[in-house]
file model-v4.cif (mmCIF, C-alpha atoms)
data_model
loop_
_atom_site.group_PDB
_atom_site.id
_atom_site.type_symbol
_atom_site.label_atom_id
_atom_site.label_comp_id
_atom_site.auth_asym_id
_atom_site.auth_seq_id
_atom_site.Cartn_x
_atom_site.Cartn_y
_atom_site.Cartn_z
ATOM 1 C CA MET L 238 127.251 92.092 90.031
ATOM 2 C CA ILE L 239 124.834 94.591 88.424
ATOM 3 C CA ASN L 240 123.363 94.276 84.939
ATOM 4 C CA THR L 241 124.564 96.773 82.375
ATOM 5 C CA ALA L 242 123.201 97.629 78.969
ATOM 6 C CA ASN L 243 125.211 97.377 75.783
ATOM 7 C CA GLY L 244 128.031 99.865 76.129
ATOM 8 C CA GLY L 245 128.279 99.424 79.883
ATOM 9 C CA ALA L 246 125.533 101.803 81.063
ATOM 10 C CA LEU L 247 124.210 100.894 84.495
ATOM 11 C CA MET L 248 120.658 99.623 84.125
ATOM 12 C CA GLY L 249 117.917 101.127 86.266
ATOM 13 C CA ALA L 250 114.666 99.719 87.623
ATOM 14 C CA LEU L 251 111.494 100.806 85.842
ATOM 15 C CA THR L 252 108.600 100.216 88.255
ATOM 16 C CA ILE L 253 104.832 100.650 88.037
ATOM 17 C CA ASP L 254 102.456 100.749 91.023
ATOM 18 C CA VAL L 255 99.350 99.107 89.579
ATOM 19 C CA GLU L 256 96.296 100.748 91.128
ATOM 20 C CA GLU L 257 93.149 102.615 90.099
ATOM 21 C CA HIS L 258 92.960 106.408 89.864
ATOM 22 C CA PHE L 259 90.568 106.438 92.845
ATOM 23 C CA HIS L 260 92.841 104.338 95.083
ATOM 24 C CA VAL L 261 95.327 107.138 95.707
ATOM 25 C CA HIS L 262 96.020 108.338 99.229
ATOM 26 C CA ALA L 263 95.203 111.939 98.309
ATOM 27 C CA PHE L 264 91.545 110.997 97.772
ATOM 28 C CA THR L 265 91.015 108.915 100.917
ATOM 29 C CA GLY L 266 89.034 111.713 102.571
ATOM 30 C CA THR L 267 86.914 112.242 99.469
ATOM 31 C CA ILE L 268 86.162 108.826 97.960
ATOM 32 C CA ASP L 269 84.991 106.307 100.536
ATOM 33 C CA ARG L 270 86.207 102.741 100.162
ATOM 34 C CA ALA L 271 82.583 101.630 100.174
ATOM 35 C CA ASP L 272 82.168 103.567 96.930
ATOM 36 C CA TRP L 273 85.136 102.061 95.076
ATOM 37 C CA SER L 274 82.937 99.499 93.323
ATOM 38 C CA ARG L 275 80.892 102.323 91.822
ATOM 39 C CA GLN L 276 83.903 104.115 90.314
ATOM 40 C CA GLU L 277 84.920 103.687 86.688
ATOM 41 C CA SER L 278 87.718 101.125 86.416
ATOM 42 C CA ARG L 279 90.502 102.280 84.099
ATOM 43 C CA VAL L 280 93.524 100.388 85.439
ATOM 44 C CA GLU L 281 93.503 97.585 82.862
ATOM 45 C CA ALA L 282 93.504 99.847 79.814
ATOM 46 C CA ASN L 283 96.072 102.195 81.354
ATOM 47 C CA THR L 284 98.417 99.363 82.326
ATOM 48 C CA ASP L 285 98.098 97.918 78.830
ATOM 49 C CA ARG L 286 99.264 101.269 77.459
ATOM 50 C CA ILE L 287 102.335 101.072 79.650
ATOM 51 C CA LEU L 288 102.976 97.470 78.627
ATOM 52 C CA GLN L 289 102.913 98.587 75.003
ATOM 53 C CA ILE L 290 105.337 101.436 75.718
ATOM 54 C CA PHE L 291 107.728 98.997 77.365
ATOM 55 C CA SER L 292 107.383 96.529 74.494
ATOM 56 C CA ASP L 293 108.003 99.215 71.876
ATOM 57 C CA ASN L 294 111.231 100.183 73.650
ATOM 58 C CA ASN L 295 112.483 96.705 74.612
ATOM 59 C CA ALA L 296 112.251 97.691 78.267
ATOM 60 C CA LEU L 297 111.418 95.411 81.174
ATOM 61 C CA GLY L 298 110.019 96.518 84.507
ATOM 62 C CA THR L 299 108.524 95.534 87.838
ATOM 63 C CA PHE L 300 104.772 95.868 88.378
ATOM 64 C CA PHE L 301 103.888 96.347 92.067
ATOM 65 C CA THR L 302 100.265 95.260 91.856
ATOM 66 C CA LEU L 303 97.360 95.455 94.297
ATOM 67 C CA GLY L 304 95.736 92.155 95.179
ATOM 68 C CA CYS L 305 92.292 93.645 94.584
ATOM 69 C CA VAL L 306 93.338 94.606 91.032
ATOM 70 C CA ALA L 307 94.625 91.082 90.376
ATOM 71 C CA GLU L 308 91.320 89.606 91.540
ATOM 72 C CA LYS L 309 89.296 91.794 89.159
ATOM 73 C CA HIS L 310 91.693 91.680 86.198
ATOM 74 C CA PRO L 311 93.461 88.298 86.188
ATOM 75 C CA ALA L 312 94.127 88.423 82.444
ATOM 76 C CA LEU L 313 96.096 91.654 82.951
ATOM 77 C CA ILE L 314 98.338 89.929 85.490
ATOM 78 C CA ARG L 315 99.049 87.130 83.055
ATOM 79 C CA ARG L 316 99.895 89.640 80.320
ATOM 80 C CA ILE L 317 102.399 91.324 82.652
ATOM 81 C CA VAL L 318 104.078 88.008 83.405
ATOM 82 C CA ASP L 319 103.948 86.730 79.825
ATOM 83 C CA ALA L 320 105.746 89.876 78.640
ATOM 84 C CA GLY L 321 108.690 89.033 80.908
ATOM 85 C CA HIS L 322 108.115 91.656 83.594
ATOM 86 C CA GLU L 323 108.509 91.055 87.310
ATOM 87 C CA LEU L 324 105.271 90.718 89.250
ATOM 88 C CA ALA L 325 105.475 92.189 92.761
ATOM 89 C CA SER L 326 103.067 93.184 95.519
ATOM 90 C CA HIS L 327 101.501 96.526 96.417
ATOM 91 C CA GLY L 328 99.433 94.959 99.205
ATOM 92 C CA SER L 329 95.825 93.844 98.978
ATOM 93 C CA ALA L 330 93.656 96.941 99.267
ATOM 94 C CA HIS L 331 95.890 100.060 99.323
ATOM 95 C CA TYR L 332 95.888 100.619 103.064
ATOM 96 C CA ALA L 333 98.774 102.752 104.327
ATOM 97 C CA VAL L 334 101.028 100.630 106.514
ATOM 98 C CA PHE L 335 100.855 103.103 109.408
ATOM 99 C CA ASP L 336 97.052 102.894 109.358
ATOM 100 C CA GLN L 337 97.200 99.180 110.233
ATOM 101 C CA ASP L 338 98.450 97.212 113.199
ATOM 102 C CA ARG L 339 100.970 94.445 112.735
ATOM 103 C CA ALA L 340 98.432 91.631 112.490
ATOM 104 C CA ALA L 341 96.285 93.433 109.922
ATOM 105 C CA PHE L 342 99.341 94.367 107.861
ATOM 106 C CA PHE L 343 100.614 90.792 107.878
ATOM 107 C CA ASP L 344 97.244 89.485 106.723
ATOM 108 C CA ASP L 345 97.108 92.129 103.980
ATOM 109 C CA VAL L 346 100.537 91.412 102.494
ATOM 110 C CA ARG L 347 100.260 87.636 102.859
ATOM 111 C CA ARG L 348 96.900 87.631 101.081
ATOM 112 C CA ALA L 349 98.232 89.869 98.301
ATOM 113 C CA ARG L 350 101.201 87.595 97.693
ATOM 114 C CA LEU L 351 99.012 84.494 97.508
ATOM 115 C CA ILE L 352 96.575 86.143 95.079
ATOM 116 C CA LEU L 353 99.355 87.383 92.803
ATOM 117 C CA GLU L 354 101.228 84.078 92.777
ATOM 118 C CA GLN L 355 98.076 82.091 92.056
ATOM 119 C CA THR L 356 97.036 84.488 89.299
ATOM 120 C CA GLY L 357 100.421 85.059 87.696
ATOM 121 C CA GLY L 358 101.926 81.612 88.215
ATOM 122 C CA VAL L 359 105.252 83.057 89.399
ATOM 123 C CA ALA L 360 106.950 83.639 92.737
ATOM 124 C CA VAL L 361 106.383 87.112 94.206
ATOM 125 C CA LYS L 362 109.360 88.377 96.207
ATOM 126 C CA GLY L 363 109.056 92.177 96.142
ATOM 127 C CA TYR L 364 106.757 94.598 97.954
ATOM 128 C CA ARG L 365 106.065 98.319 97.802
ATOM 129 C CA ALA L 366 103.948 99.999 100.466
ATOM 130 C CA PRO L 367 101.083 102.215 99.303
ATOM 131 C CA SER L 368 102.198 105.848 99.571
ATOM 132 C CA PHE L 369 105.670 104.696 100.729
ATOM 133 C CA SER L 370 104.104 104.288 104.165
ATOM 134 C CA ILE L 371 106.732 102.252 106.018
ATOM 135 C CA ASP L 372 108.264 104.647 108.527
ATOM 136 C CA GLU L 373 108.865 105.105 112.262
ATOM 137 C CA ARG L 374 105.148 104.475 112.925
ATOM 138 C CA SER L 375 105.460 100.877 111.725
ATOM 139 C CA PRO L 376 108.782 99.500 113.051
ATOM 140 C CA TRP L 377 107.433 95.932 112.742
ATOM 141 C CA ALA L 378 106.705 96.141 109.006
ATOM 142 C CA TYR L 379 109.866 94.488 107.687
ATOM 143 C CA GLU L 380 109.575 91.581 110.100
ATOM 144 C CA ALA L 381 105.973 91.034 108.985
ATOM 145 C CA LEU L 382 107.017 91.170 105.329
ATOM 146 C CA ALA L 383 109.732 88.569 105.897
ATOM 147 C CA GLU L 384 107.248 86.320 107.688
ATOM 148 C CA ALA L 385 104.871 86.684 104.740
ATOM 149 C CA GLY L 386 107.577 85.430 102.369
ATOM 150 C CA TYR L 387 108.963 88.599 100.804
ATOM 151 C CA THR L 388 112.659 89.077 100.011
ATOM 152 C CA TYR L 389 112.878 92.796 99.337
ATOM 153 C CA SER L 390 110.941 96.022 99.717
ATOM 154 C CA SER L 391 110.920 99.288 97.797
ATOM 155 C CA SER L 392 108.832 101.262 100.264
ATOM 156 C CA SER L 393 111.168 104.058 101.327
ATOM 157 C CA HIS L 394 111.079 107.519 99.782
ATOM 158 C CA PRO L 395 113.788 109.277 101.825
ATOM 159 C CA ILE L 396 112.525 112.848 101.544
ATOM 160 C CA ASN L 397 110.511 115.402 103.483
ATOM 161 C CA HIS L 398 106.864 115.247 102.390
ATOM 162 C CA ASP L 399 103.618 116.054 104.133
ATOM 163 C CA ASN L 400 102.020 112.678 103.288
ATOM 164 C CA TYR L 401 104.947 110.271 103.373
ATOM 165 C CA GLY L 402 108.710 109.997 103.485
ATOM 166 C CA ASN L 403 111.546 109.413 105.908
ATOM 167 C CA PRO L 404 114.279 112.005 105.340
ATOM 168 C CA ASP L 405 116.669 110.229 107.700
ATOM 169 C CA ALA L 406 116.542 106.892 105.865
ATOM 170 C CA PRO L 407 119.470 105.868 103.621
ATOM 171 C CA ARG L 408 119.378 106.998 99.989
ATOM 172 C CA HIS L 409 120.999 103.811 98.704
ATOM 173 C CA PRO L 410 119.873 100.159 99.020
ATOM 174 C CA PHE L 411 120.346 98.884 102.561
ATOM 175 C CA ARG L 412 119.812 95.793 104.660
ATOM 176 C CA GLU L 413 117.042 96.239 107.202
ATOM 177 C CA PRO L 414 118.589 94.400 110.174
ATOM 178 C CA SER L 415 115.520 93.257 112.090
ATOM 179 C CA ALA L 416 114.319 91.139 109.176
ATOM 180 C CA ASN L 417 117.503 90.805 107.097
ATOM 181 C CA MET L 418 115.555 92.288 104.198
ATOM 182 C CA LEU L 419 116.759 94.495 101.365
ATOM 183 C CA GLU L 420 115.133 97.935 101.138
ATOM 184 C CA ILE L 421 115.550 99.733 97.799
ATOM 185 C CA PRO L 422 114.644 103.431 98.178
ATOM 186 C CA ILE L 423 113.181 105.606 95.447
ATOM 187 C CA THR L 424 115.872 107.666 93.740
ATOM 188 C CA THR L 425 116.753 111.002 95.322
ATOM 189 C CA LEU L 426 119.579 113.454 94.734
ATOM 190 C CA LEU L 427 121.651 115.583 97.045
ATOM 191 C CA TRP L 428 121.657 119.276 96.152
ATOM 192 C CA ARG L 429 123.260 121.776 98.499
ATOM 193 C CA GLY L 430 122.873 119.337 101.332
ATOM 194 C CA ARG L 431 119.182 118.692 100.677
ATOM 195 C CA ARG L 432 117.497 115.597 99.303
ATOM 196 C CA ILE L 433 115.605 116.248 96.091
ATOM 197 C CA PRO L 434 112.906 113.854 94.777
ATOM 198 C CA ALA L 435 114.079 112.469 91.456
ATOM 199 C CA GLY L 436 112.411 109.077 91.059
ATOM 200 C CA GLY L 437 109.122 109.604 89.236
ATOM 201 C CA GLY L 438 105.473 110.219 90.074
ATOM 202 C CA GLY L 439 104.310 113.822 90.271
ATOM 203 C CA PHE L 440 107.887 115.075 90.129
ATOM 204 C CA PHE L 441 108.314 113.359 86.753
ATOM 205 C CA ARG L 442 105.089 114.870 85.446
ATOM 206 C CA MET L 443 105.928 118.339 86.728
ATOM 207 C CA PHE L 444 109.519 118.813 85.545
ATOM 208 C CA PRO L 445 111.174 118.536 82.108
ATOM 209 C CA LEU L 446 112.225 115.085 80.963
ATOM 210 C CA ALA L 447 115.793 116.312 80.568
ATOM 211 C CA LEU L 448 115.957 116.937 84.311
ATOM 212 C CA THR L 449 114.813 113.376 85.079
ATOM 213 C CA ARG L 450 117.402 111.960 82.703
ATOM 214 C CA THR L 451 120.130 114.088 84.257
ATOM 215 C CA ASN L 452 119.091 112.982 87.733
ATOM 216 C CA MET L 453 119.163 109.322 86.735
ATOM 217 C CA GLN L 454 122.631 109.694 85.245
ATOM 218 C CA ARG L 455 123.853 111.283 88.469
ATOM 219 C CA MET L 456 122.532 108.287 90.409
ATOM 220 C CA ARG L 457 124.334 105.955 88.029
ATOM 221 C CA ARG L 458 127.561 107.870 88.660
ATOM 222 C CA GLU L 459 127.098 107.084 92.362
ATOM 223 C CA GLY L 460 127.187 103.420 91.348
ATOM 224 C CA ILE L 461 123.510 102.845 92.167
ATOM 225 C CA PRO L 462 120.854 101.776 89.640
ATOM 226 C CA PRO L 463 118.102 104.415 89.461
ATOM 227 C CA ASN L 464 114.729 103.399 90.903
ATOM 228 C CA PHE L 465 111.916 105.040 88.899
ATOM 229 C CA TYR L 466 108.191 104.690 89.630
ATOM 230 C CA LEU L 467 104.898 105.658 88.015
ATOM 231 C CA HIS L 468 101.208 104.704 88.236
ATOM 232 C CA PRO L 469 98.943 103.640 85.354
ATOM 233 C CA TRP L 470 96.567 106.552 86.021
ATOM 234 C CA GLU L 471 99.439 108.965 85.316
ATOM 235 C CA VAL L 472 99.239 108.197 81.580
ATOM 236 C CA ASP L 473 95.470 108.819 81.547
ATOM 237 C CA PRO L 474 94.567 112.498 81.087
ATOM 238 C CA SER L 475 90.919 111.544 80.394
ATOM 239 C CA GLN L 476 90.302 110.001 83.820
ATOM 240 C CA PRO L 477 87.311 111.337 85.791
ATOM 241 C CA ARG L 478 88.040 114.447 87.857
ATOM 242 C CA VAL L 479 87.384 114.243 91.587
ATOM 243 C CA LYS L 480 86.106 117.781 91.988
ATOM 244 C CA ALA L 481 85.280 117.384 95.682
ATOM 245 C CA ALA L 482 88.906 116.690 96.606
ATOM 246 C CA PRO L 483 90.970 119.497 98.213
ATOM 247 C CA LEU L 484 92.656 121.840 95.748
ATOM 248 C CA LYS L 485 96.134 120.702 96.816
ATOM 249 C CA SER L 486 95.263 117.061 96.162
ATOM 250 C CA ARG L 487 93.769 117.884 92.767
ATOM 251 C CA LEU L 488 96.814 119.869 91.720
ATOM 252 C CA ARG L 489 99.154 117.059 92.705
ATOM 253 C CA HIS L 490 97.086 114.374 91.035
ATOM 254 C CA TYR L 491 96.262 116.043 87.719
ATOM 255 C CA ILE L 492 99.328 118.144 86.937
ATOM 256 C CA GLY L 493 101.192 117.037 83.828
ATOM 257 C CA LEU L 494 98.910 114.124 82.914
ATOM 258 C CA SER L 495 98.639 115.200 79.273
ATOM 259 C CA ARG L 496 102.422 114.985 78.777
ATOM 260 C CA CYS L 497 103.227 111.958 80.909
ATOM 261 C CA GLU L 498 102.726 109.176 78.372
ATOM 262 C CA SER L 499 105.016 110.736 75.787
ATOM 263 C CA LYS L 500 107.651 111.428 78.451
ATOM 264 C CA LEU L 501 107.501 107.844 79.695
ATOM 265 C CA ARG L 502 107.892 106.572 76.155
ATOM 266 C CA ARG L 503 111.048 108.621 75.686
ATOM 267 C CA LEU L 504 112.414 107.676 79.103
ATOM 268 C CA ALA L 505 111.783 103.972 78.514
ATOM 269 C CA GLY L 506 113.824 104.192 75.330
ATOM 270 C CA GLY L 507 116.900 105.031 77.394
ATOM 271 C CA ALA L 508 119.868 105.487 75.091
ATOM 272 C CA PRO L 509 119.205 105.757 71.356
ATOM 273 C CA SER L 510 119.482 101.951 71.180
ATOM 274 C CA GLY L 511 117.310 101.445 74.271
ATOM 275 C CA GLY L 512 118.096 98.893 76.956
ATOM 276 C CA GLN L 513 118.893 101.032 80.016
ATOM 277 C CA TRP L 514 115.893 99.810 82.031
ATOM 278 C CA THR L 515 115.027 96.427 83.473
ATOM 279 C CA ARG L 516 113.192 94.616 86.273
ATOM 280 C CA MET L 517 113.999 95.498 89.843
ATOM 281 C CA ASP L 518 115.159 91.975 90.668
ATOM 282 C CA GLU L 519 117.623 92.217 87.768
ATOM 283 C CA ALA L 520 118.800 95.786 88.367
ATOM 284 C CA TYR L 521 119.588 95.022 92.012
ATOM 285 C CA HIS L 522 120.469 91.346 91.718
ATOM 286 C CA GLY L 523 123.917 91.940 93.200
ATOM 287 C CA TRP L 524 122.441 93.311 96.418
ATOM 288 C CA LEU L 525 119.880 90.513 96.517
ATOM 289 C CA ASP L 526 122.575 87.889 95.989
ATOM 290 C CA ASP L 527 124.678 89.398 98.754
ATOM 291 C CA LEU L 528 121.736 89.298 101.103
ATOM 292 C CA SER L 529 120.835 85.752 100.176
ATOM 293 C CA ASN L 530 124.379 84.502 100.601
ATOM 294 C CA SER L 531 125.033 86.579 103.736
ATOM 295 C CA ARG L 532 128.233 87.876 102.191
ATOM 296 C CA ASN L 533 129.569 91.418 101.831
ATOM 297 C CA ALA L 534 127.009 92.568 104.422
ATOM 298 C CA GLY L 535 128.955 95.780 104.981
ATOM 299 C CA ARG L 536 128.016 97.008 101.499
ATOM 300 C CA LEU L 537 124.351 96.733 102.465
ATOM 301 C CA SER L 538 124.618 98.715 105.675
ATOM 302 C CA ALA L 539 123.033 102.128 106.039
#
call {"tool": "encode", "arguments": {"input": "model-v4.cif", "output": "structure tokens"}}
result
Amino acid sequence: MINTANGGALMGALTIDVEEHFHVHAFTGTIDRADWSRQESRVEANTDRILQIFSDNNALGTFFTLGCVAEKHPALIRRIVDAGHELASHGSAHYAVFDQDRAAFFDDVRRARLILEQTGGVAVKGYRAPSFSIDERSPWAYEALAEAGYTYSSSSHPINHDNYGNPDAPRHPFREPSANMLEIPITTLLWRGRRIPAGGGGFFRMFPLALTRTNMQRMRREGIPPNFYLHPWEVDPSQPRVKAAPLKSRLRHYIGLSRCESKLRRLAGGAPSGGQWTRMDEAYHGWLDDLSNSRNAGRLSA
């Protein structure tokens, strides 16, 4: 049911949230949306670097892309698709789900899907909320996503965090019952009864690569493909510094940038022969098939 690499290793999902360095939630109180057009755009060059890393290592991935990025950089979207990667949605304009009402959220995700499909020429089935912002404040989100034509979401980071997270959510893929939609959480580990972030982002930049690899192998031993994420700005140590942002936000955003590209290159290589990473729709195709066919629903329960 689940793709494996040569030798039987369980393949994980390598995912990229395609957004600008100034789109991040940590800077919302510092960089006004009205000023976005005056910021230096670096997303195309940074995403191209990641595309090259994937190509060099024969790795495929899923690119959760903002609609506003697709509108400004349509050639980038076509390069993502032409390279064989999955094109998925990150919404239109990087609004947190819990900062919108249901109608506004529906309009945002529907518009994003239409833009991406028209630009990329492929069906868009997956969605990831900015800042993993689907939680108890937005109980209608999955129903709105289903109405907008999505099949799965990867919007849950089941940890304790001051900006996002739902520590009571399942750690493994589960069927969200109100919309009959598959939710694929970011990888976490259990350590002494606590959930430890292990799926990418700042945690990947902060800790040794060996720890990330160990964590991913532990997830594979649980029978679940790892779900790894990163942003294009995380391979860009030369990006402009937002000096007016709070110290905590600056530390989180800039830590480990100088080492991230080389670490991603080594991670993408997987085993010495490569091939342990693929698109999300391939890594989790068994769960998606089960959902589509309405069979083995018990395996998808929380």
call {"tool": "residues_around", "arguments": {"input": "model-v4.cif", "residues": "stretch 281-291 of chain L", "least_positions_apart": "5", "cutoff": "6 Å", "atoms": "all atoms listed in the file", "output": "PDB file with C-alpha atoms, in the coordinates of the input"}}
result
ATOM      1  CA  ALA L 296     112.251  97.691  78.267  1.00  0.00           C
ATOM      2  CA  PRO L 469      98.943 103.640  85.354  1.00  0.00           C
ATOM      3  CA  ARG L 502     107.892 106.572  76.155  1.00  0.00           C
TER       4      ARG L 502
END
call {"tool": "resolve_selection", "arguments": {"input": "model-v4.cif", "expression": "the PyMOL selection byres ((chain L and resi 325) around 6)", "output": "list in words"}}
result
Phe300, Phe301, Leu324, Ser326, Val361, Gly363 and Tyr364 of chain L
call {"tool": "closest_residue", "arguments": {"input": "model-v4.cif", "among": "L:Glu308, L:Glu323, L:Glu498, L:Glu277", "to": "L:Thr356", "atoms": "all atoms listed in the file"}}
result
L:Glu308
call {"tool": "residues_around", "arguments": {"input": "model-v4.cif", "residues": "stretch 383-395 of chain L", "least_positions_apart": "4", "cutoff": "7 Å", "atoms": "all atoms listed in the file", "output": "JSON, numbers by chain"}}
result
{"L": [343, 346, 347, 362, 363, 364, 365, 366, 369, 370, 371, 379, 402, 403, 404, 405, 406, 407, 408, 416, 418, 419, 420, 421, 422, 423]}
call {"tool": "closest_residue", "arguments": {"input": "model-v4.cif", "among": "L:Gln337, L:His490, L:His310, L:Pro434", "to": "L:Gly357", "atoms": "only C-alpha atoms"}}
result
L:His310
call {"tool": "atom_distance", "arguments": {"input": "model-v4.cif", "atom1": "atom CA of L:Glu519", "atom2": "atom CA of L:Leu501"}}
result
20.3 Å
call {"tool": "atom_distance", "arguments": {"input": "model-v4.cif", "atom1": "atom CA of L:Phe335", "atom2": "atom CA of L:Arg279"}}
result
27.4 Å
call {"tool": "closest_residue", "arguments": {"input": "model-v4.cif", "among": "L:Pro414, L:Gly304, L:Pro376, L:Gly358", "to": "L:Asp344", "atoms": "only C-alpha atoms"}}
result
L:Gly304
call {"tool": "resolve_selection", "arguments": {"input": "model-v4.cif", "expression": "the PyMOL selection byres ((chain L and resi 451) around 12)", "output": "ChimeraX atom specification"}}
result
/L:425-426,435-436,444-450,452-458,463,504,507
call {"tool": "closest_residue", "arguments": {"input": "model-v4.cif", "among": "L:Arg374, L:Ile492, L:Gly506, L:Ser486", "to": "L:Gly266", "atoms": "all atoms listed in the file"}}
result
L:Ser486
call {"tool": "closest_residue", "arguments": {"input": "model-v4.cif", "among": "L:His468, L:Lys309, L:His322, L:Lys480", "to": "L:Gly439", "atoms": "all atoms listed in the file"}}
result
L:His468
call {"tool": "atom_distance", "arguments": {"input": "model-v4.cif", "atom1": "atom CA of L:Ala307", "atom2": "atom CA of L:Met248"}}
result
28.1 Å
call {"tool": "resolve_selection", "arguments": {"input": "model-v4.cif", "expression": "the PyMOL selection byres ((chain L and resi 481) around 12)", "output": "ChimeraX atom specification"}}
result
/L:263-268,477-480,482-487
call {"tool": "closest_residue", "arguments": {"input": "model-v4.cif", "among": "L:Phe259, L:Tyr521, L:Trp273, L:Phe441", "to": "L:His409", "atoms": "only C-alpha atoms"}}
result
L:Tyr521
call {"tool": "axis_aligned_box", "arguments": {"input": "model-v4.cif", "around": "stretch 325-339 of chain L", "padding_each_side": "5 Å", "output": "JSON"}}
result
{"center_x": 99.6, "center_y": 97.6, "center_z": 103.0, "size_x": 21.8, "size_y": 20.9, "size_z": 30.4}
call {"tool": "residues_around", "arguments": {"input": "model-v4.cif", "residues": "L:Gly437", "least_positions_apart": "3", "cutoff": "7 Å", "atoms": "only C-alpha atoms", "output": "list in words"}}
result
Phe440, Phe441, Phe465, Tyr466 and Leu467 of chain L
call {"tool": "decode", "arguments": {"input": "model-v4.cif", "residues": "stretch 347-395 of chain L", "atoms": "C-alpha atoms", "output": "short mmCIF file (atom, residue, chain, number, x, y, z; two decimals), in the first residue's frame"}}
result
data_model
loop_
_atom_site.label_atom_id
_atom_site.label_comp_id
_atom_site.auth_asym_id
_atom_site.auth_seq_id
_atom_site.Cartn_x
_atom_site.Cartn_y
_atom_site.Cartn_z
CA ARG L 347 -10.73 28.04 -3.43
CA ARG L 348 -8.94 30.94 -5.12
CA ALA L 349 -5.52 29.42 -4.38
CA ARG L 350 -6.51 26.09 -5.88
CA LEU L 351 -7.83 27.71 -9.05
CA ILE L 352 -4.69 29.83 -9.49
CA LEU L 353 -2.36 26.87 -8.98
CA GLU L 354 -4.29 24.56 -11.29
CA GLN L 355 -4.48 27.17 -14.04
CA THR L 356 -0.78 27.98 -13.70
CA GLY L 357 0.56 24.47 -13.25
CA GLY L 358 -1.87 22.60 -15.50
CA VAL L 359 -2.38 19.83 -12.92
CA ALA L 360 -5.01 18.94 -10.35
CA VAL L 361 -4.31 20.30 -6.85
CA LYS L 362 -5.57 18.01 -4.09
CA GLY L 363 -3.44 18.85 -1.05
CA TYR L 364 -3.44 21.80 1.35
CA ARG L 365 -1.25 23.00 4.19
CA ALA L 366 -2.38 25.83 6.45
CA PRO L 367 0.05 28.70 7.03
CA SER L 368 1.68 28.22 10.43
CA PHE L 369 -0.22 24.92 10.87
CA SER L 370 -3.18 27.06 11.92
CA ILE L 371 -6.06 24.58 11.79
CA ASP L 372 -7.01 23.95 15.41
CA GLU L 373 -9.94 24.18 17.83
CA ARG L 374 -10.50 27.82 16.78
CA SER L 375 -11.47 26.75 13.26
CA PRO L 376 -13.62 23.59 13.57
CA TRP L 377 -15.16 24.30 10.14
CA ALA L 378 -11.86 24.29 8.24
CA TYR L 379 -11.93 20.72 6.93
CA GLU L 380 -15.49 21.05 5.69
CA ALA L 381 -14.53 24.23 3.83
CA LEU L 382 -11.49 22.51 2.32
CA ALA L 383 -13.61 19.61 1.09
CA GLU L 384 -16.10 22.04 -0.44
CA ALA L 385 -13.23 23.81 -2.19
CA GLY L 386 -12.16 20.53 -3.81
CA TYR L 387 -9.26 19.34 -1.66
CA THR L 388 -8.67 15.68 -0.81
CA TYR L 389 -6.12 15.88 1.98
CA SER L 390 -4.53 18.32 4.40
CA SER L 391 -1.15 18.44 6.12
CA SER L 392 -1.97 21.25 8.53
CA SER L 393 -1.56 19.61 11.93
CA HIS L 394 1.61 19.91 13.99
CA PRO L 395 0.61 17.95 17.12
#
